[in-house]
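> Right, I'll just put the structure down here and ask away after.
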Amino acid sequence: MSNRYEKGMEILKITNKDKIEALFDELEDIAPDLGRFVVEFPYSEIYTRDTLDLKTRELLTVAALTAMGTAPAQLKDHINAALNVENSPEEIVETIMQMSAYAGFPAAINGIKAAKEVFKNRNLL
């Protein structure tokens, strides 16, 4: 295992370990390297930078995925990760609502629906 992989996995253990294992399982028979790339680039090279903490990084990721509007499964995963690094449901909702001004109301509404599903699954609603 490379140092980058180990470094990325340390972050994933904090943010969303269960989801990365499911992703590895899903990609194993068709594109096993893609899972490794996810660990070694964003989680090893980006998430470990010193300037922003994990709490902020996850809110930014929720904002970006909400604005993109094309990655509902990943949005839910990162809403879970945001909760795992001490973001409150209120902070997550406010982040998603902020996106209505930049990505439009449909993206924000879909983001809120994703958050609602995650919150219900975690008994936060």
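Residue numbering restarts at 1 for every chain of the structure tokens, chains are lettered A, B, ... in their displayed order, and ligands are numbered from 1 as they appear.
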For region 37-43 of chain A, list every protein, DNA or RNA residue within 8 Å, evaluated using only C-alpha atoms, and leave out those in the same chain fewer than 5 positions away; present the list as a PyMOL selection string.

chain A and resi 4-5+7-9+11-12+48

> Would you put the residues from that selection into a file with C-alpha atoms, as a PDB file, in the first residue's frame?


ATOM      1  CA  ARG A   4      -0.914   8.259  -0.223  1.00  0.00           C
ATOM      2  CA  TYR A   5      -3.440   5.442   0.069  1.00  0.00           C
ATOM      3  CA  LYS A   7      -3.062   8.813   4.324  1.00  0.00           C
ATOM      4  CA  GLY A   8      -6.353   8.970   2.408  1.00  0.00           C
ATOM      5  CA  MET A   9      -7.806   5.995   4.263  1.00  0.00           C
ATOM      6  CA  ILE A  11      -9.315  10.584   6.520  1.00  0.00           C
ATOM      7  CA  LEU A  12     -11.999   8.205   5.263  1.00  0.00           C
ATOM      8  CA  THR A  48      -5.214  16.568   4.466  1.00  0.00           C
TER       9      THR A  48
END

> Find the residues near Phe119 (chain A): any atom within 9 Å, counting only C-alpha atoms, skip ones fewer than 5 places away on the same chain, and give them as number ranges by chain.

A: 79-80, 89, 114, 124-125

> Can those selected residues be exported to a file as an mmCIF file, in the first residue's frame so that it contains N, CA, C and O atoms?


data_model
loop_
_atom_site.group_PDB
_atom_site.id
_atom_site.type_symbol
_atom_site.label_atom_id
_atom_site.label_comp_id
_atom_site.auth_asym_id
_atom_site.auth_seq_id
_atom_site.Cartn_x
_atom_site.Cartn_y
_atom_site.Cartn_z
ATOM 1 N N ILE A 79 -23.170 14.312 3.089
ATOM 2 C CA ILE A 79 -23.993 14.816 4.199
ATOM 3 C C ILE A 79 -23.724 13.958 5.428
ATOM 4 O O ILE A 79 -23.540 14.472 6.537
ATOM 5 N N ASN A 80 -23.661 12.642 5.230
ATOM 6 C CA ASN A 80 -23.286 11.755 6.340
ATOM 7 C C ASN A 80 -21.901 12.093 6.870
ATOM 8 O O ASN A 80 -21.687 12.161 8.080
ATOM 9 N N PRO A 89 -27.101 19.322 11.771
ATOM 10 C CA PRO A 89 -28.087 19.334 10.687
ATOM 11 C C PRO A 89 -28.418 20.764 10.230
ATOM 12 O O PRO A 89 -28.574 21.013 9.036
ATOM 13 N N ALA A 114 -32.231 15.343 -0.084
ATOM 14 C CA ALA A 114 -31.159 14.391 0.247
ATOM 15 C C ALA A 114 -30.816 14.484 1.730
ATOM 16 O O ALA A 114 -30.665 13.459 2.406
ATOM 17 N N LEU A 124 -32.401 11.882 13.102
ATOM 18 C CA LEU A 124 -32.181 13.288 13.475
ATOM 19 C C LEU A 124 -33.399 14.147 13.175
ATOM 20 O O LEU A 124 -33.401 15.330 13.459
ATOM 21 N N LEU A 125 -34.424 13.545 12.580
ATOM 22 C CA LEU A 125 -35.692 14.264 12.321
ATOM 23 C C LEU A 125 -36.813 13.563 13.059
ATOM 24 O O LEU A 125 -36.845 12.387 13.224
#

> Compare A:Pro32, A:Pro72, A:Pro106, A:Gly111 by their minimum atom-to-atom distance to Ile92 (chain A), counting only C-alpha atoms, and give me the closest one.

A:Gly111

> Give the alpha helix (DSSP H) residues of chain A, as assigned by DSSP on the backbone, as a ChimeraX atom specification.

/A:3-15,17-27,32-38,54-68,72-84,89-98,100-103,105-121

> Determine the nearest neighbour of Lys55 (chain A) from the options A:Asn123, A:Asn87, A:Asn3, A:Thr70, counting only C-alpha atoms.

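Result for the nearest residue to Lys55 (chain A): A:Asn87.
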
> Between A:Leu54, A:Leu59, A:Leu23, A:Ala73, which has the minimum distance to Ile96 (chain A) (counting only C-alpha atoms)?

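Result for the nearest residue to Ile96 (chain A): A:Leu59.
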
> Provide the CA of Leu27 (chain A) to CA of Ala71 (chain A) distance in Å, to one decimal place.

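Straight-line distance from CA of Leu27 (chain A) to CA of Ala71 (chain A) works out to 16.6 Å.
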
> Lys19 (chain A): which residues within 10 Å, counting only C-alpha atoms, same-chain residues fewer than 6 positions away excluded, as a VMD selection string?

chain A and resid 12 to 13 25 74 77 to 78 80 to 81

> Which of these, A:Ala108, A:Glu10, A:Ile20, A:Glu58, has the shortest distance to Ser44 (chain A) once you count only C-alpha atoms?

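Of the candidates, the smallest distance to Ser44 (chain A) is held by A:Glu10.
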